[in-house]
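**Q** Enclosed is the structure file start21.txt (compact mmCIF, C-alpha atoms).
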```txt
# COMPACT_ATOMS: atom_id res chain seq x y z
CA MET A 1 -32.52 13.97 -21.51
CA SER A 2 -29.19 12.81 -20.10
CA ILE A 3 -27.82 14.89 -17.23
CA GLU A 4 -24.18 14.40 -16.26
CA ASN A 5 -23.42 13.26 -12.74
CA PHE A 6 -19.98 14.53 -11.78
CA ASN A 7 -19.51 11.63 -9.38
CA SER A 8 -19.83 9.26 -12.34
CA PRO A 9 -18.87 10.54 -15.81
CA MET A 10 -21.27 10.44 -18.72
CA MET A 11 -20.80 7.18 -20.62
CA GLN A 12 -23.04 7.84 -23.65
CA ILE A 13 -23.14 10.94 -25.80
CA ILE A 14 -26.33 12.84 -26.58
CA LYS A 15 -26.68 11.73 -30.17
CA SER A 16 -27.09 14.02 -33.14
CA TYR A 17 -30.02 13.29 -35.43
CA LEU A 18 -31.47 14.35 -38.76
CA TYR A 19 -34.46 16.61 -39.11
CA GLN A 20 -37.53 14.63 -40.14
CA GLN A 21 -37.58 15.93 -43.69
CA TYR A 22 -34.11 14.42 -44.30
CA ALA A 23 -34.66 11.14 -42.43
CA ASP A 24 -35.13 9.13 -45.65
CA ASP A 25 -31.75 10.23 -47.09
CA ASP A 26 -29.35 7.29 -46.62
CA ASP A 27 -26.24 9.36 -47.29
CA LEU A 28 -27.11 12.00 -44.68
CA GLN A 29 -28.05 9.30 -42.19
CA ALA A 30 -24.68 7.61 -42.74
CA PHE A 31 -22.96 10.94 -42.08
CA VAL A 32 -24.87 11.44 -38.81
CA ASP A 33 -24.08 7.87 -37.71
CA ALA A 34 -20.38 8.40 -38.41
CA PHE A 35 -20.46 11.68 -36.51
CA ASN A 36 -22.08 9.98 -33.50
CA ASN A 37 -19.59 7.13 -33.57
CA THR A 38 -16.66 9.54 -33.65
CA ALA A 39 -18.08 11.58 -30.80
CA GLN A 40 -18.64 8.41 -28.76
CA ASN A 41 -15.04 7.34 -29.38
CA TYR A 42 -13.80 10.69 -28.09
CA LEU A 43 -15.96 10.33 -24.97
CA ASP A 44 -14.76 6.75 -24.38
CA TRP A 45 -11.13 7.84 -24.71
CA ARG A 46 -11.66 10.70 -22.29
CA ASN A 47 -13.28 8.44 -19.71
CA GLN A 48 -10.45 5.92 -20.03
CA THR A 49 -7.73 8.56 -19.84
CA PRO A 50 -7.90 10.54 -16.59
CA LEU A 51 -5.27 13.17 -17.34
CA ALA A 52 -4.06 13.62 -13.77
CA ILE A 53 -3.22 9.90 -13.44
CA TYR A 54 0.03 9.94 -15.36
CA THR A 55 0.81 6.28 -14.54
CA SER A 56 -2.03 5.19 -16.84
CA PRO A 57 -0.84 3.31 -19.96
CA MET A 58 -3.10 5.66 -21.93
CA ILE A 59 -0.76 8.56 -21.03
CA TYR A 60 2.40 8.46 -23.11
CA GLU A 61 4.81 10.44 -25.29
CA GLN A 62 3.89 14.08 -25.85
CA LEU A 63 0.61 13.77 -23.96
CA LEU A 64 2.68 12.72 -20.93
CA ASP A 65 4.90 15.80 -21.32
CA TRP A 66 1.87 18.05 -21.65
CA ILE A 67 0.33 16.66 -18.46
CA LEU A 68 3.42 16.55 -16.25
CA VAL A 69 4.57 20.01 -17.34
CA GLY A 70 1.12 21.61 -17.44
CA ILE A 71 -0.31 20.14 -14.24
CA TYR A 72 2.75 19.42 -12.10
CA GLY A 73 5.54 21.55 -13.61
CA ILE A 74 7.84 18.51 -14.06
CA TYR A 75 9.95 18.49 -17.22
CA ARG A 76 11.24 15.36 -18.94
CA PRO A 77 14.90 14.77 -18.01
CA ILE A 78 17.57 15.10 -20.66
CA PHE A 79 20.79 13.15 -20.21
CA GLY A 80 24.05 14.41 -21.62
CA LEU A 81 23.60 18.16 -21.01
CA ILE A 82 25.64 18.14 -17.81
CA ASN A 83 29.17 19.58 -17.72
CA GLN A 84 28.98 20.83 -21.28
CA SER A 85 30.73 23.98 -22.43
CA PRO A 86 29.42 27.19 -20.85
CA PRO A 87 27.17 29.62 -22.72
CA PRO A 88 29.00 32.27 -24.73
CA ALA A 89 29.37 35.87 -23.73
CA GLY A 90 26.38 37.87 -24.87
CA GLY A 91 23.91 35.28 -23.58
CA ASN A 92 22.74 33.78 -26.87
CA THR A 93 21.42 30.72 -25.03
CA ALA A 94 18.26 30.19 -23.06
CA PRO A 95 17.54 27.96 -20.08
CA TRP A 96 15.56 24.84 -20.86
CA ASN A 97 14.53 22.28 -18.25
CA GLY A 98 16.95 23.71 -15.72
CA PHE A 99 20.01 23.60 -18.00
CA ASP A 100 21.85 26.18 -20.05
CA ILE A 101 21.80 25.09 -23.67
CA PRO A 102 25.44 24.22 -24.45
CA THR A 103 27.26 25.96 -27.26
CA LYS A 104 29.36 22.90 -28.05
CA ILE A 105 28.34 19.28 -28.16
CA ASN A 106 31.73 17.75 -27.37
CA ALA A 107 34.51 18.87 -25.09
CA ASN A 108 37.12 18.38 -27.82
CA GLY A 109 36.53 21.74 -29.49
CA ASN A 110 33.85 20.67 -31.94
CA THR A 111 32.06 23.82 -33.04
CA SER A 112 28.65 22.24 -33.56
CA ALA A 113 25.95 23.89 -31.51
CA PHE A 114 22.31 23.52 -30.63
CA THR A 115 20.01 25.91 -32.41
CA ILE A 116 17.20 27.67 -30.59
CA VAL A 117 14.00 27.92 -32.59
CA GLY A 118 11.76 30.77 -31.64
CA PRO A 119 10.08 33.01 -30.84
CA TYR A 120 6.63 31.94 -31.98
CA GLU A 121 5.73 32.23 -35.67
CA THR A 122 9.35 31.98 -36.80
CA VAL A 123 9.17 28.29 -37.74
CA THR A 124 6.48 26.18 -39.36
CA TYR A 125 4.24 24.47 -36.84
CA ASN A 126 4.19 20.66 -36.56
CA THR A 127 7.63 20.28 -38.09
CA ARG A 128 9.43 19.47 -34.82
CA PRO A 129 8.49 18.94 -31.16
CA PHE A 130 8.29 22.21 -29.28
CA GLY A 131 11.24 22.92 -26.99
CA TYR A 132 13.53 20.26 -28.46
CA PHE A 133 17.06 20.82 -29.72
CA SER A 134 18.52 20.26 -33.16
CA SER A 135 22.10 20.19 -34.38
CA VAL A 136 23.70 22.52 -36.88
CA ALA A 137 26.60 22.14 -39.28
CA ASN A 138 30.06 22.60 -37.79
CA SER A 139 32.86 24.64 -39.29
CA GLY A 140 33.71 21.83 -41.71
CA GLY A 141 30.20 21.68 -43.09
CA ALA A 142 29.33 18.33 -41.48
CA THR A 143 26.43 17.91 -39.12
CA THR A 144 27.07 16.42 -35.71
CA ALA A 145 24.30 14.66 -33.82
CA PRO A 146 23.42 16.20 -30.43
CA ALA A 147 25.09 14.40 -27.53
CA TYR A 148 22.00 13.99 -25.41
CA THR A 149 19.31 11.44 -24.71
CA VAL A 150 15.73 12.28 -23.78
CA ALA A 151 14.40 10.16 -20.93
CA SER A 152 11.89 7.45 -21.78
CA ASP A 153 8.27 7.60 -20.66
CA ASP A 154 9.06 4.97 -18.00
CA THR A 155 11.88 7.06 -16.51
CA TYR A 156 9.80 10.23 -16.72
CA LYS A 157 6.94 8.60 -14.80
CA ARG A 158 9.30 7.19 -12.16
CA LEU A 159 10.76 10.67 -11.63
CA ALA A 160 7.26 12.14 -11.33
CA THR A 161 6.37 9.57 -8.67
CA TRP A 162 9.56 10.42 -6.76
CA ILE A 163 8.52 14.08 -6.73
CA LEU A 164 4.77 13.68 -6.21
CA TYR A 165 4.42 10.67 -3.87
CA ARG A 166 2.98 11.77 -0.53
CA GLY A 167 2.58 8.44 1.26
CA ASP A 168 6.04 8.68 2.86
CA GLY A 169 5.27 11.99 4.55
CA PHE A 170 7.13 15.28 4.28
CA GLN A 171 9.95 14.70 6.79
CA MET A 172 13.12 13.16 5.44
CA SER A 173 14.24 9.98 7.18
CA LEU A 174 16.18 6.90 6.17
CA ASN A 175 12.93 5.07 5.43
CA TRP A 176 11.72 8.05 3.37
CA LEU A 177 14.86 7.87 1.24
CA ARG A 178 14.94 4.05 0.98
CA ARG A 179 11.32 3.90 -0.12
CA ARG A 180 11.79 6.50 -2.80
CA VAL A 181 14.87 4.78 -4.17
CA ALA A 182 13.09 1.40 -4.16
CA ARG A 183 10.02 2.90 -5.81
CA PHE A 184 12.14 4.39 -8.58
CA CYS A 185 14.12 1.17 -9.11
CA TYR A 186 11.17 -1.22 -9.09
CA GLY A 187 8.05 0.82 -9.89
CA LEU A 188 7.41 0.28 -13.59
CA ASN A 189 5.93 3.43 -15.17
CA GLY A 190 5.87 5.16 -11.80
CA ALA A 191 3.59 2.64 -10.13
CA ASP A 192 3.77 1.90 -6.40
CA ILE A 193 5.62 -1.21 -5.25
CA ASP A 194 5.43 -3.98 -2.69
CA ILE A 195 6.89 -2.64 0.55
CA GLY A 196 9.09 -5.75 0.84
CA LEU A 197 11.28 -4.51 -2.03
CA VAL A 198 12.54 -1.67 0.18
CA SER A 199 14.79 -4.17 2.00
CA ASN A 200 16.92 -4.41 -1.17
CA ILE A 201 18.08 -0.82 -0.67
CA SER A 202 20.80 -0.08 1.87
CA ILE A 203 21.97 3.26 3.21
CA THR A 204 25.26 4.03 4.95
CA ILE A 205 25.82 7.33 6.80
CA THR A 206 29.29 8.73 7.45
CA GLY A 207 29.14 12.21 8.90
CA ASP A 208 27.35 14.39 6.34
CA ASN A 209 27.74 11.78 3.60
CA ILE A 210 24.99 9.32 2.68
CA LEU A 211 25.77 6.37 0.43
CA ILE A 212 22.86 4.53 -1.19
CA LYS A 213 23.37 1.00 -2.51
CA ALA A 214 20.86 -0.67 -4.80
CA PRO A 215 20.85 -3.80 -6.97
CA LYS A 216 22.27 -3.15 -10.42
CA SER A 217 19.59 -2.59 -13.04
CA PRO A 218 18.89 -0.14 -15.87
CA SER A 219 16.57 1.89 -13.64
CA SER A 220 19.10 2.12 -10.80
CA GLN A 221 21.76 3.29 -13.27
CA ILE A 222 19.37 5.97 -14.49
CA LEU A 223 18.64 7.09 -10.93
CA ILE A 224 22.38 7.52 -10.34
CA GLN A 225 22.52 9.87 -13.31
CA LEU A 226 19.51 11.84 -12.09
CA ILE A 227 21.02 12.22 -8.61
CA GLN A 228 24.31 13.41 -10.10
CA ALA A 229 22.37 15.89 -12.24
CA ASN A 230 20.34 17.17 -9.26
CA GLN A 231 17.13 16.18 -11.03
CA VAL A 232 15.54 14.47 -8.02
CA PRO A 233 14.59 16.42 -4.86
CA LEU A 234 16.91 15.44 -2.00
CA PRO A 235 17.52 16.80 1.50
CA LEU A 236 19.82 19.78 1.88
CA GLY A 237 22.92 19.79 4.05
CA VAL A 238 24.10 16.26 3.22
CA ASN A 239 26.07 14.77 0.36
CA ILE A 240 24.12 11.91 -1.23
CA THR A 241 25.72 9.48 -3.64
CA MET A 242 24.44 6.20 -5.03
CA THR A 243 26.07 3.08 -6.32
CA THR A 244 24.95 -0.37 -7.47
CA VAL A 245 25.94 -3.76 -6.13
```
Give the structure from this file in structure tokens form.
**A**
Amino acid sequence: MSIENFNSPMMQIIKSYLYQQYADDDDLQAFVDAFNNTAQNYLDWRNQTPLAIYTSPMIYEQLLDWILVGIYGIYRPIFGLINQSPPPAGGNTAPWNGFDIPTKINANGNTSAFTIVGPYETVTYNTRPFGYFSSVANSGGATTAPAYTVASDDTYKRLATWILYRGDGFQMSLNWLRRRVARFCYGLNGADIDIGLVSNISITITGDNILIKAPKSPSSQILIQLIQANQVPLPLGVNITMTTV
């Protein structure tokens, strides 16, 4: 009998088998073999996908959301929900991911709005991702696409590493900040980086103002947006801005 060792996960399932009186039935034996193969595939996937290690290439899309929200409480960033029109009187909006759901998509008076689906059992399951927005028809009958972009898995993982990385310590310093910026800019899918890349990040302090300069890249542009949206934890009492060179 196989006994699981929690220091090393079980690699082979305990196989199902037919009772002796059915052992000569080829169809039933084929069913049992298929069952065992499926169970082994599930076990292999589970061993190859440690859920807490979100940087794994096996963790992606909605599984990534489920892990980072469920284990770490980190929501996927949404770009384009900043500085939108305020919620209407009466409070028919609900907070989602730290934002108030805007009543208007554009600042030009367009009356399109995001709909809120809920509570539970008011919409058919598996018809749309839970917690996502959808657009509705405006006053002219046309439908306007929502003016937002959901962050990619790569960006989501980089943000998670910014929040969760403990190797820099818990006291803010210039090196603490430089390393986090470099890790976000260069760490593909939230992975750690070569320490030499930190030298590409410069920081200038003027009074209570801190200016971060980083090489121009798609990831550095995204980090600028996240800093402006207060989506990355930063020290209090100072004004931090970032630009690219």
**Q** Please list as a ChimeraX atom specification every residue within 7 Å of stretch 156-167 of chain A, counting all atoms listed in the file and excluding residues in the same chain fewer than 3 positions away.
**A** /A:55,74,76-77,151-153,180,184,187,189-190,233
**Q** Using all atoms listed in the file, pick whichever of A:Met242, A:Ala182, A:Leu63, A:Leu188 has the shortest atom-to-atom distance to A:Ile205.
**A** A:Met242
**Q** Closest to A:Gln171 among A:Tyr54, A:Asn37, A:Pro235, A:Ser8, using all atoms listed in the file?
**A**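 Distance minimum relative to A:Gln171 lands on A:Pro235.
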**Q** For A:Val232, which of A:Leu28, A:Leu177, A:Pro9, A:Ile71 is the closest residue, counting only C-alpha atoms?
**A**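 The shortest atom-to-atom distance to A:Val232 comes from A:Leu177.
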**Q** So how far away is atom CA of A:Arg179 from atom CA of A:Val198, in Å?
**A**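 A separation of 5.7 Å between them.
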**Q** Specify the axis-aligned box that encloses all atoms of stretch 49-67 of chain A listed in the file after padding of 8 Å on each side, stating its centre and edge lengths in Å to one decimal as lines of an AutoDock Vina configuration file.
**A**
```
center_x = -1.5
center_y = 10.7
center_z = -19.6
size_x = 28.8
size_y = 30.7
size_z = 28.4
```
**Q** Figure out the distance between atom CA of A:Gln231 and atom CA of A:Gly169, please, to one decimal in Å.
**A**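 Atom CA of A:Gly169 sits 20.0 Å away from atom CA of A:Gln231.
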**Q** Considering only C-alpha atoms, return as a ChimeraX atom specification whatever protein or nucleic-acid residues lie within 10 Å of A:Val32, sequence-local ones (same chain, fewer than 6 positions apart) excluded.
**A** /A:15-18,26,38
